[in-house]
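Source file: start12.cif; contents: mmCIF, C-alpha atoms.
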data_protein
loop_
_atom_site.group_PDB
_atom_site.id
_atom_site.type_symbol
_atom_site.label_atom_id
_atom_site.label_comp_id
_atom_site.auth_asym_id
_atom_site.auth_seq_id
_atom_site.Cartn_x
_atom_site.Cartn_y
_atom_site.Cartn_z
ATOM 1 C CA TRP A 86 8.742 -22.562 17.942
ATOM 2 C CA PRO A 87 7.371 -23.183 21.469
ATOM 3 C CA ARG A 88 7.206 -20.666 24.335
ATOM 4 C CA LYS A 89 6.981 -17.542 22.171
ATOM 5 C CA GLY A 90 4.211 -15.062 22.805
ATOM 6 C CA ARG A 91 1.094 -15.511 24.882
ATOM 7 C CA VAL A 92 -0.770 -17.826 22.531
ATOM 8 C CA ASP A 93 -2.641 -21.088 22.762
ATOM 9 C CA SER A 94 -0.319 -22.731 20.218
ATOM 10 C CA PRO A 95 2.764 -21.842 18.143
ATOM 11 C CA THR A 96 2.251 -20.942 14.493
ATOM 12 C CA LEU A 97 1.833 -24.079 12.413
ATOM 13 C CA ALA A 98 4.381 -24.962 9.751
ATOM 14 C CA CYS A 99 3.999 -27.366 6.825
ATOM 15 C CA ASP A 100 6.015 -30.350 5.655
ATOM 16 C CA ALA A 101 8.258 -29.157 2.852
ATOM 17 C CA LYS A 102 7.571 -32.256 0.737
ATOM 18 C CA THR A 103 3.908 -33.067 1.363
ATOM 19 C CA GLY A 104 2.488 -29.659 2.286
ATOM 20 C CA GLU A 105 0.704 -31.217 5.263
ATOM 21 C CA ARG A 106 0.439 -29.266 8.542
ATOM 22 C CA LEU A 107 3.119 -30.136 11.102
ATOM 23 C CA PHE A 108 2.128 -30.206 14.759
ATOM 24 C CA ASP A 109 5.652 -30.682 16.122
ATOM 25 C CA ALA A 110 6.711 -27.177 17.120
ATOM 26 C CA ASN A 111 10.319 -28.342 17.427
ATOM 27 C CA ALA A 112 10.649 -29.532 13.822
ATOM 28 C CA ARG A 113 13.709 -27.988 12.179
ATOM 29 C CA SER A 114 13.250 -25.317 9.543
ATOM 30 C CA VAL A 115 13.785 -26.234 5.906
ATOM 31 C CA CYS A 116 16.197 -23.287 5.778
ATOM 32 C CA ASP A 117 18.354 -25.119 8.337
ATOM 33 C CA GLY A 118 18.226 -28.490 6.635
ATOM 34 C CA GLY A 119 14.990 -29.688 8.226
ATOM 35 C CA SER A 120 11.529 -30.487 6.909
ATOM 36 C CA ALA A 121 9.404 -27.604 8.297
ATOM 37 C CA ALA A 122 8.516 -24.776 5.906
ATOM 38 C CA ALA A 123 6.116 -21.871 5.699
ATOM 39 C CA CYS A 124 2.717 -23.073 4.502
ATOM 40 C CA ALA A 125 1.757 -21.804 1.068
ATOM 41 C CA ASP A 126 -1.455 -20.316 2.507
ATOM 42 C CA ASN A 127 0.586 -17.942 4.680
ATOM 43 C CA ALA A 128 0.439 -15.655 1.647
ATOM 44 C CA PRO A 129 -1.698 -12.476 1.470
ATOM 45 C CA PHE A 130 -5.230 -12.446 0.112
ATOM 46 C CA MET A 131 -7.795 -9.791 -0.691
ATOM 47 C CA VAL A 132 -10.948 -9.760 1.424
ATOM 48 C CA ASN A 133 -12.606 -6.866 -0.374
ATOM 49 C CA ARG A 134 -11.639 -3.677 -2.177
ATOM 50 C CA GLY A 135 -10.475 -1.924 0.993
ATOM 51 C CA LEU A 136 -9.105 -4.822 3.037
ATOM 52 C CA SER A 137 -6.567 -7.608 2.683
ATOM 53 C CA MET A 138 -5.192 -10.099 5.188
ATOM 54 C CA GLY A 139 -1.963 -12.021 5.583
ATOM 55 C CA PHE A 140 1.020 -12.733 7.788
ATOM 56 C CA SER A 141 4.081 -10.772 8.694
ATOM 57 C CA ALA A 142 7.376 -10.576 10.493
ATOM 58 C CA VAL A 143 7.831 -7.625 12.828
ATOM 59 C CA ALA A 144 10.957 -5.515 12.709
ATOM 60 C CA VAL A 145 12.095 -5.153 16.287
ATOM 61 C CA SER A 146 13.544 -1.831 17.375
ATOM 62 C CA GLY A 147 11.554 -0.990 20.477
ATOM 63 C CA SER A 148 10.842 2.529 19.183
ATOM 64 C CA HIS A 149 7.337 1.717 17.942
ATOM 65 C CA GLY A 150 6.131 -0.755 20.570
ATOM 66 C CA LEU A 151 7.134 -3.957 18.762
ATOM 67 C CA ALA A 152 9.567 -5.658 21.087
ATOM 68 C CA GLY A 153 10.181 -9.220 19.913
ATOM 69 C CA ASP A 154 8.964 -12.690 20.832
ATOM 70 C CA GLU A 155 6.133 -11.289 22.941
ATOM 71 C CA ASN A 156 4.507 -10.024 19.719
ATOM 72 C CA CYS A 157 4.214 -13.551 18.310
ATOM 73 C CA GLY A 158 0.650 -14.393 17.327
ATOM 74 C CA GLN A 159 -0.673 -10.855 17.720
ATOM 75 C CA CYS A 160 -2.667 -9.220 14.925
ATOM 76 C CA TYR A 161 -2.363 -5.681 13.662
ATOM 77 C CA GLU A 162 -4.285 -3.479 11.291
ATOM 78 C CA LEU A 163 -1.981 -1.626 8.912
ATOM 79 C CA LYS A 164 -3.525 1.514 7.419
ATOM 80 C CA PHE A 165 -1.603 2.638 4.329
ATOM 81 C CA VAL A 166 -1.007 6.384 4.294
ATOM 82 C CA ASP A 167 0.120 9.009 1.803
ATOM 83 C CA GLN A 168 3.728 9.500 2.854
ATOM 84 C CA ILE A 169 6.984 9.087 0.953
ATOM 85 C CA HIS A 170 10.554 8.386 1.990
ATOM 86 C CA THR A 171 12.824 11.392 2.297
ATOM 87 C CA LYS A 172 16.139 9.737 3.092
ATOM 88 C CA GLY A 173 18.150 9.454 -0.098
ATOM 89 C CA GLY A 174 15.710 11.651 -2.010
ATOM 90 C CA ASN A 175 11.933 11.562 -2.313
ATOM 91 C CA TRP A 176 10.877 8.066 -3.292
ATOM 92 C CA GLY A 177 8.483 5.198 -2.713
ATOM 93 C CA GLY A 178 5.527 5.074 -0.369
ATOM 94 C CA SER A 179 1.969 4.055 -1.194
ATOM 95 C CA HIS A 180 0.491 4.264 -4.662
ATOM 96 C CA PRO A 181 -2.582 6.562 -4.602
ATOM 97 C CA ASP A 182 -4.832 3.511 -5.100
ATOM 98 C CA LEU A 183 -3.442 1.960 -1.893
ATOM 99 C CA VAL A 184 -3.786 5.026 0.332
ATOM 100 C CA GLY A 185 -6.621 4.566 2.831
ATOM 101 C CA LYS A 186 -6.792 0.815 2.447
ATOM 102 C CA SER A 187 -6.046 -1.559 5.319
ATOM 103 C CA MET A 188 -4.377 -4.895 5.792
ATOM 104 C CA VAL A 189 -4.728 -7.100 8.872
ATOM 105 C CA VAL A 190 -1.687 -9.249 9.539
ATOM 106 C CA GLN A 191 -0.802 -11.839 12.142
ATOM 107 C CA VAL A 192 2.774 -11.865 13.432
ATOM 108 C CA THR A 193 4.438 -15.191 12.661
ATOM 109 C CA ASN A 194 8.098 -14.146 12.502
ATOM 110 C CA ILE A 195 10.417 -11.825 14.401
ATOM 111 C CA GLY A 196 13.111 -9.803 12.643
ATOM 112 C CA TYR A 197 15.850 -8.838 15.068
ATOM 113 C CA ASP A 198 18.148 -7.648 12.251
ATOM 114 C CA VAL A 199 16.062 -4.622 11.255
ATOM 115 C CA ASN A 200 15.232 -1.472 13.182
ATOM 116 C CA GLY A 201 14.424 2.219 12.930
ATOM 117 C CA GLU A 202 11.153 3.208 11.262
ATOM 118 C CA HIS A 203 10.756 -0.246 9.708
ATOM 119 C CA SER A 204 7.849 -2.027 11.404
ATOM 120 C CA PHE A 205 6.366 -4.918 9.395
ATOM 121 C CA ASP A 206 7.819 -7.284 6.792
ATOM 122 C CA ILE A 207 4.795 -8.785 5.046
ATOM 123 C CA GLN A 208 4.988 -12.330 3.661
ATOM 124 C CA ILE A 209 4.444 -11.940 -0.095
ATOM 125 C CA PRO A 210 5.555 -14.550 -2.655
ATOM 126 C CA GLY A 211 7.923 -13.029 -5.184
ATOM 127 C CA ALA A 212 8.895 -10.121 -2.906
ATOM 128 C CA GLY A 213 12.451 -11.326 -2.263
ATOM 129 C CA GLN A 214 14.064 -14.135 -0.290
ATOM 130 C CA GLY A 215 16.634 -11.985 1.476
ATOM 131 C CA LEU A 216 19.479 -13.909 3.094
ATOM 132 C CA LYS A 217 17.698 -17.291 3.128
ATOM 133 C CA THR A 218 17.846 -18.502 -0.470
ATOM 134 C CA ASN A 219 17.829 -22.256 0.134
ATOM 135 C CA GLY A 220 14.408 -22.807 1.684
ATOM 136 C CA CYS A 221 12.153 -22.386 -1.342
ATOM 137 C CA THR A 222 14.186 -24.678 -3.595
ATOM 138 C CA ALA A 223 14.066 -27.337 -0.864
ATOM 139 C CA GLN A 224 10.303 -26.977 -0.560
ATOM 140 C CA PHE A 225 9.499 -26.811 -4.273
ATOM 141 C CA SER A 226 11.525 -29.136 -6.483
ATOM 142 C CA GLY A 227 12.204 -28.259 -10.090
ATOM 143 C CA PHE A 228 12.663 -24.522 -9.465
ATOM 144 C CA SER A 229 15.809 -22.448 -9.215
ATOM 145 C CA SER A 230 16.364 -19.952 -6.417
ATOM 146 C CA GLY A 231 15.968 -17.058 -8.840
ATOM 147 C CA ASP A 232 12.483 -18.240 -9.805
ATOM 148 C CA PHE A 233 11.184 -17.209 -6.383
ATOM 149 C CA ASP A 234 12.159 -13.538 -6.627
ATOM 150 C CA CYS A 235 13.086 -12.927 -10.274
ATOM 151 C CA ASP A 236 16.783 -13.100 -9.375
ATOM 152 C CA ASN A 237 16.411 -10.155 -7.005
ATOM 153 C CA ASN A 238 16.803 -11.276 -3.384
ATOM 154 C CA TYR A 239 15.946 -7.855 -1.983
ATOM 155 C CA GLY A 240 12.810 -6.430 -3.572
ATOM 156 C CA GLY A 241 11.816 -9.381 -5.714
ATOM 157 C CA CYS A 242 9.993 -9.194 -9.023
ATOM 158 C CA PHE A 243 9.364 -5.733 -10.439
ATOM 159 C CA GLU A 244 6.631 -6.843 -12.834
ATOM 160 C CA LYS A 245 3.525 -9.006 -12.491
ATOM 161 C CA SER A 246 4.715 -11.233 -15.333
ATOM 162 C CA GLY A 247 7.494 -12.469 -13.055
ATOM 163 C CA CYS A 248 4.899 -14.291 -10.938
ATOM 164 C CA ALA A 249 4.658 -16.924 -13.686
ATOM 165 C CA ARG A 250 8.099 -18.187 -12.601
ATOM 166 C CA LEU A 251 6.802 -19.219 -9.170
ATOM 167 C CA PRO A 252 5.097 -22.519 -8.292
ATOM 168 C CA GLN A 253 1.417 -22.414 -9.209
ATOM 169 C CA GLU A 254 0.182 -22.219 -5.603
ATOM 170 C CA LEU A 255 2.215 -19.032 -5.065
ATOM 171 C CA GLN A 256 1.333 -17.250 -8.294
ATOM 172 C CA LYS A 257 -2.018 -15.748 -7.255
ATOM 173 C CA PRO A 258 -0.683 -14.185 -4.030
ATOM 174 C CA CYS A 259 2.311 -12.934 -5.989
ATOM 175 C CA GLU A 260 -0.113 -11.220 -8.363
ATOM 176 C CA TRP A 261 -1.906 -9.704 -5.332
ATOM 177 C CA ARG A 262 1.200 -7.568 -4.909
ATOM 178 C CA TYR A 263 0.499 -5.834 -8.212
ATOM 179 C CA ASP A 264 -3.309 -5.910 -8.336
ATOM 180 C CA TRP A 265 -4.246 -4.808 -4.789
ATOM 181 C CA TYR A 266 -0.979 -3.620 -3.226
ATOM 182 C CA ARG A 267 -0.054 -1.807 -6.490
ATOM 183 C CA TRP A 268 3.673 -2.578 -6.338
ATOM 184 C CA PHE A 269 5.604 -0.261 -8.673
ATOM 185 C CA ALA A 270 2.372 0.531 -10.528
ATOM 186 C CA GLU A 271 3.311 4.127 -11.260
ATOM 187 C CA GLY A 272 6.095 6.563 -10.398
ATOM 188 C CA GLY A 273 7.962 4.086 -8.196
ATOM 189 C CA GLN A 274 4.919 3.431 -6.014
ATOM 190 C CA THR A 275 3.971 1.305 -4.160
ATOM 191 C CA ASN A 276 7.416 0.767 -2.603
ATOM 192 C CA ASN A 277 8.005 0.257 1.142
ATOM 193 C CA PRO A 278 4.750 2.049 2.034
ATOM 194 C CA TYR A 279 4.256 3.918 5.280
ATOM 195 C CA VAL A 280 1.496 2.771 7.616
ATOM 196 C CA HIS A 281 -0.281 3.703 10.790
ATOM 197 C CA PHE A 282 -0.928 0.561 12.790
ATOM 198 C CA ARG A 283 -2.819 -0.662 15.819
ATOM 199 C CA ARG A 284 -3.423 -3.982 17.463
ATOM 200 C CA VAL A 285 -6.737 -5.702 16.719
ATOM 201 C CA GLN A 286 -8.411 -8.994 17.537
ATOM 202 C CA CYS A 287 -7.197 -11.749 15.242
ATOM 203 C CA PRO A 288 -9.851 -12.666 12.673
ATOM 204 C CA ARG A 289 -10.747 -16.310 12.112
ATOM 205 C CA GLU A 290 -9.571 -16.018 8.517
ATOM 206 C CA LEU A 291 -6.016 -15.862 9.898
ATOM 207 C CA THR A 292 -6.135 -18.023 13.028
ATOM 208 C CA GLU A 293 -7.657 -20.932 11.109
ATOM 209 C CA ILE A 294 -4.531 -20.874 8.947
ATOM 210 C CA SER A 295 -1.918 -20.252 11.641
ATOM 211 C CA GLY A 296 -3.502 -22.367 14.376
ATOM 212 C CA SER A 297 -2.458 -19.699 16.880
ATOM 213 C CA VAL A 298 -4.689 -17.402 18.971
ATOM 214 C CA PRO A 299 -3.390 -14.827 21.498
ATOM 215 C CA SER A 300 -4.653 -15.374 25.041
ATOM 216 C CA ASP A 301 -5.501 -11.671 25.466
ATOM 217 C CA ASP A 302 -7.213 -11.271 22.097
ATOM 218 C CA GLU A 303 -10.617 -10.271 23.475
ATOM 219 C CA ALA A 304 -9.137 -7.057 24.890
ATOM 220 C CA TYR A 305 -8.757 -5.660 21.371
ATOM 221 C CA PRO A 306 -11.335 -4.468 18.825
ATOM 222 C CA LYS A 307 -12.777 -6.803 16.236
ATOM 223 C CA VAL A 308 -12.355 -6.079 12.554
ATOM 224 C CA ASP A 309 -15.676 -5.389 10.842
ATOM 225 C CA VAL A 310 -14.828 -6.844 7.450
ATOM 226 C CA ASP A 311 -17.866 -5.438 5.648
ATOM 227 C CA SER A 312 -17.046 -1.861 6.652
ATOM 228 C CA TYR A 313 -13.874 -1.973 4.550
ATOM 229 C CA ALA A 314 -15.624 -2.732 1.277
ATOM 230 C CA GLN A 315 -14.873 0.850 0.197
ATOM 231 C CA PRO A 316 -11.503 2.428 1.042
ATOM 232 C CA GLY A 317 -11.792 5.043 3.740
ATOM 233 C CA SER A 318 -14.831 3.436 5.377
ATOM 234 C CA GLY A 319 -14.925 1.369 8.515
ATOM 235 C CA GLU A 320 -12.698 2.398 11.395
ATOM 236 C CA PRO A 321 -11.695 6.079 11.482
ATOM 237 C CA SER A 322 -8.667 6.859 9.376
ATOM 238 C CA PRO A 323 -5.463 7.945 11.049
ATOM 239 C CA SER A 324 -4.313 11.534 10.838
ATOM 240 C CA PRO A 325 -2.841 12.217 7.384
ATOM 241 C CA ALA A 326 0.904 12.335 6.906
ATOM 242 C CA THR A 327 2.574 15.554 5.919
ATOM 243 C CA THR A 328 2.600 14.613 2.229
ATOM 244 C CA VAL A 329 -1.186 14.303 1.968
ATOM 245 C CA ALA A 330 -2.695 16.947 -0.287
ATOM 246 C CA PRO A 331 -4.062 19.794 1.868
ATOM 247 C CA ILE A 332 -7.801 19.985 2.450
ATOM 248 C CA PRO A 333 -9.330 23.014 0.676
ATOM 249 C CA PRO A 334 -10.237 25.752 3.163
ATOM 250 C CA THR A 335 -13.866 26.203 4.089
ATOM 251 C CA LYS A 336 -15.457 29.050 2.125
ATOM 252 C CA VAL A 337 -16.427 31.944 4.371
ATOM 253 C CA PRO A 338 -19.274 34.193 3.137
ATOM 254 C CA THR A 339 -18.316 37.808 2.490
ATOM 255 C CA THR A 340 -21.744 39.268 3.289
ATOM 256 C CA VAL A 341 -22.699 40.320 6.801
ATOM 257 C CA ALA A 342 -25.160 38.057 8.564
ATOM 258 C CA PRO A 343 -28.717 39.470 8.746
ATOM 259 C CA GLU A 344 -30.075 40.835 11.990
ATOM 260 C CA THR A 345 -32.734 38.161 12.156
ATOM 261 C CA PRO A 346 -31.117 35.059 13.675
ATOM 262 C CA SER A 347 -31.238 31.962 11.549
ATOM 263 C CA PRO A 348 -31.520 28.430 12.911
ATOM 264 C CA SER A 349 -28.198 26.964 13.911
ATOM 265 C CA PRO A 350 -27.071 24.180 11.589
ATOM 266 C CA GLN A 351 -26.964 20.723 13.034
ATOM 267 C CA PRO A 352 -23.364 19.643 13.745
ATOM 268 C CA PRO A 353 -22.136 16.598 11.837
ATOM 269 C CA ALA A 354 -22.228 13.312 13.650
ATOM 270 C CA PRO A 355 -18.879 12.773 15.369
ATOM 271 C CA SER A 356 -16.640 10.018 14.051
ATOM 272 C CA PRO A 357 -16.436 7.054 16.408
ATOM 273 C CA GLU A 358 -13.251 6.978 18.416
ATOM 274 C CA PRO A 359 -11.310 3.715 18.475
ATOM 275 C CA PRO A 360 -10.952 2.098 21.900
ATOM 276 C CA ALA A 361 -7.956 3.149 23.978
ATOM 277 C CA SER A 362 -6.505 -0.316 23.461
ATOM 278 C CA SER A 363 -6.292 0.315 19.723
ATOM 279 C CA GLU A 364 -4.465 3.633 19.490
ATOM 280 C CA TRP A 365 -2.708 4.162 16.173
ATOM 281 C CA ILE A 366 1.078 4.112 16.050
ATOM 282 C CA LYS A 367 2.340 6.327 13.260
ATOM 283 C CA GLY A 368 5.452 7.001 11.214
ATOM 284 C CA THR A 369 6.633 3.493 10.310
ATOM 285 C CA TRP A 370 7.008 1.721 6.978
ATOM 286 C CA THR A 371 6.699 -1.811 5.687
ATOM 287 C CA THR A 372 8.474 -4.219 3.347
ATOM 288 C CA GLY A 373 7.778 -7.673 1.920
ATOM 289 C CA TYR A 374 9.557 -11.021 1.693
ATOM 290 C CA TRP A 375 9.042 -14.728 1.060
ATOM 291 C CA ASP A 376 11.821 -17.173 1.966
ATOM 292 C CA CYS A 377 9.785 -20.351 2.667
ATOM 293 C CA CYS A 378 11.463 -20.750 6.092
ATOM 294 C CA LYS A 379 9.518 -22.144 9.014
ATOM 295 C CA PRO A 380 7.724 -19.390 10.984
ATOM 296 C CA SER A 381 9.801 -18.416 14.018
ATOM 297 C CA CYS A 382 6.797 -17.767 16.297
#
Entire entry expressed as structure tokens:
Amino acid sequence: WPRKGRVDSPTLACDAKTGERLFDANARSVCDGGSAAACADNAPFMVNRGLSMGFSAVAVSGSHGLAGDENCGQCYELKFVDQIHTKGGNWGGSHPDLVGKSMVVQVTNIGYDVNGEHSFDIQIPGAGQGLKTNGCTAQFSGFSSGDFDCDNNYGGCFEKSGCARLPQELQKPCEWRYDWYRWFAEGGQTNNPYVHFRRVQCPRELTEISGSVPSDDEAYPKVDVDSYAQPGSGEPSPSPATTVAPIPPTKVPTTVAPETPSPSPQPPAPSPEPPASSEWIKGTWTTGYWDCCKPSC
């Protein structure tokens, strides 16, 4: 859609029948009877063990700095943290294997119907179509609506085997949900994981797919892909949530120090501080969806 966000171009959509990129920003969405659909490569992908990339809708509430159309095209780093949901009992959150990992997403949709602590709705095949259940069947012939989310519009497939019901080009990113994201791997986790997030410069891996680059992108830090090869490396981790296991206290010697002064130990090298333009926003959680509709940004 034109005139959304400060970008050089709206997010590209694809022709529902041919899969070719569409350069007409006014083409009608397949979910509204048109020919423009989400491109199959808008799905998430693993970069390395500690980093994935993909695309997302933002849940607009104003309480966490995500305000609406102005966020179109912007990129954010989501750092998955060890925190569970407390409303309705203790449930969900990040699987231990996901904690400390990051995902960089570009905003291609705006969700005005969700608010509160909900921040990002990541595009993941098989994660649920939500209200729009007609787009995927229009884009991929020969499949029923239930094939795209295992007959579960909100939450999608609970098991990796359900990915086999999707079109072949969506099966690998569907499996990403179980292999990297660890959806329902153990004890009801991962499920709607909490994140700390900050704005970052959009990596080429995403802008070459979306065709959209924010005009103020250079004001934000670049993502050093190699530094995320091991979870917990790279940019400094956000402060742990309250459910993180406590750090063991430092052992204090019981003997009195000798009279002869000993050399002072060298202090550890300080962790690099992220730029002021990339301060972490904390206390929000994420979901996933895939409805095949044209990106709204």
Go through region 159-221 of chain A residue by residue and, counting all atoms listed in the file, keep those with an atom at most 12 Å from region 373-381 of chain A; for each kept residue give the shortest atom pair and its distance in Å to one decimal, ordered by chain and increasing number, as JSON lines.
{"residue": "A:Gln191", "atom": "CA", "partner": "A:Pro380", "partner_atom": "CA", "distance": 11.4}
{"residue": "A:Val192", "atom": "CA", "partner": "A:Pro380", "partner_atom": "CA", "distance": 9.3}
{"residue": "A:Thr193", "atom": "CA", "partner": "A:Pro380", "partner_atom": "CA", "distance": 5.6}
{"residue": "A:Asn194", "atom": "CA", "partner": "A:Ser381", "partner_atom": "CA", "distance": 4.8}
{"residue": "A:Ile195", "atom": "CA", "partner": "A:Ser381", "partner_atom": "CA", "distance": 6.6}
{"residue": "A:Gly196", "atom": "CA", "partner": "A:Ser381", "partner_atom": "CA", "distance": 9.3}
{"residue": "A:Tyr197", "atom": "CA", "partner": "A:Ser381", "partner_atom": "CA", "distance": 11.4}
{"residue": "A:His203", "atom": "CA", "partner": "A:Gly373", "partner_atom": "CA", "distance": 11.2}
{"residue": "A:Ser204", "atom": "CA", "partner": "A:Gly373", "partner_atom": "CA", "distance": 11.0}
{"residue": "A:Phe205", "atom": "CA", "partner": "A:Gly373", "partner_atom": "CA", "distance": 8.1}
{"residue": "A:Asp206", "atom": "CA", "partner": "A:Gly373", "partner_atom": "CA", "distance": 4.9}
{"residue": "A:Ile207", "atom": "CA", "partner": "A:Gly373", "partner_atom": "CA", "distance": 4.5}
{"residue": "A:Gln208", "atom": "CA", "partner": "A:Tyr374", "partner_atom": "CA", "distance": 5.1}
{"residue": "A:Ile209", "atom": "CA", "partner": "A:Tyr374", "partner_atom": "CA", "distance": 5.5}
{"residue": "A:Pro210", "atom": "CA", "partner": "A:Trp375", "partner_atom": "CA", "distance": 5.1}
{"residue": "A:Gly211", "atom": "CA", "partner": "A:Trp375", "partner_atom": "CA", "distance": 6.6}
{"residue": "A:Ala212", "atom": "CA", "partner": "A:Tyr374", "partner_atom": "CA", "distance": 4.7}
{"residue": "A:Gly213", "atom": "CA", "partner": "A:Tyr374", "partner_atom": "CA", "distance": 4.9}
{"residue": "A:Gln214", "atom": "CA", "partner": "A:Asp376", "partner_atom": "CA", "distance": 4.4}
{"residue": "A:Gly215", "atom": "CA", "partner": "A:Asp376", "partner_atom": "CA", "distance": 7.1}
{"residue": "A:Leu216", "atom": "CA", "partner": "A:Asp376", "partner_atom": "CA", "distance": 8.4}
{"residue": "A:Lys217", "atom": "CA", "partner": "A:Asp376", "partner_atom": "CA", "distance": 6.0}
{"residue": "A:Thr218", "atom": "CA", "partner": "A:Asp376", "partner_atom": "CA", "distance": 6.6}
{"residue": "A:Asn219", "atom": "CA", "partner": "A:Asp376", "partner_atom": "CA", "distance": 8.1}
{"residue": "A:Gly220", "atom": "CA", "partner": "A:Cys377", "partner_atom": "CA", "distance": 5.3}
{"residue": "A:Cys221", "atom": "CA", "partner": "A:Cys377", "partner_atom": "CA", "distance": 5.1}
- Message: Running the PyMOL selection byres ((chain A and resi 245-260) around 12) on this model by hand, what would come out? Give it as number ranges by chain.
- Response: A: 104, 123-131, 137-139, 207-213, 221-222, 224-237, 241-244, 261-270, 373-375, 377
- Query: Just how far from CA of Ser120 (chain A) is CA of Asp154 (chain A), in Å to one decimal?
  - Reply: 22.7 Å
- Task: Between A:Thr372, A:Ser114, A:Ser297, A:Asn133, single out the one closest to Lys89 (chain A), counting all atoms listed in the file.
- Result: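 The closest residue to Lys89 (chain A) is A:Ser297.
Of the listed residues A:Val145, A:Ala223, A:Val166, A:Cys287, the one whose atoms come nearest to Cys116 (chain A) is A:Ala223, with distances taken using only C-alpha atoms.
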- Determine the residue membership of the PyMOL selection byres ((chain A and resi 300-308) around 7) for the file above and supply it as a list in words. Arg91, Val92, Asp93, Arg284, Val285, Gln286, Cys287, Val298, Pro299, Asp309, Val310, Ser362 and Ser363 of chain A
- Message: Please expand the PyMOL selection byres ((chain A and resi 282) around 9) into the concrete residues it hits in this file, giving the result as a list in words.
- Response: Tyr161, Glu162, Leu163, Lys164, Phe165, Val280, His281, Arg283, Arg284, Pro323, Ser363, Glu364, Trp365, Ile366, Lys367 and Thr369 of chain A
Since we have the selection now, will you write its residues out, keeping C-alpha atoms, as a short mmCIF file (atom, residue, chain, number, x, y, z; two decimals), in the coordinates of the input?
data_model
loop_
_atom_site.label_atom_id
_atom_site.label_comp_id
_atom_site.auth_asym_id
_atom_site.auth_seq_id
_atom_site.Cartn_x
_atom_site.Cartn_y
_atom_site.Cartn_z
CA TYR A 161 -2.36 -5.68 13.66
CA GLU A 162 -4.28 -3.48 11.29
CA LEU A 163 -1.98 -1.63 8.91
CA LYS A 164 -3.52 1.51 7.42
CA PHE A 165 -1.60 2.64 4.33
CA VAL A 280 1.50 2.77 7.62
CA HIS A 281 -0.28 3.70 10.79
CA ARG A 283 -2.82 -0.66 15.82
CA ARG A 284 -3.42 -3.98 17.46
CA PRO A 323 -5.46 7.94 11.05
CA SER A 363 -6.29 0.32 19.72
CA GLU A 364 -4.46 3.63 19.49
CA TRP A 365 -2.71 4.16 16.17
CA ILE A 366 1.08 4.11 16.05
CA LYS A 367 2.34 6.33 13.26
CA THR A 369 6.63 3.49 10.31
#
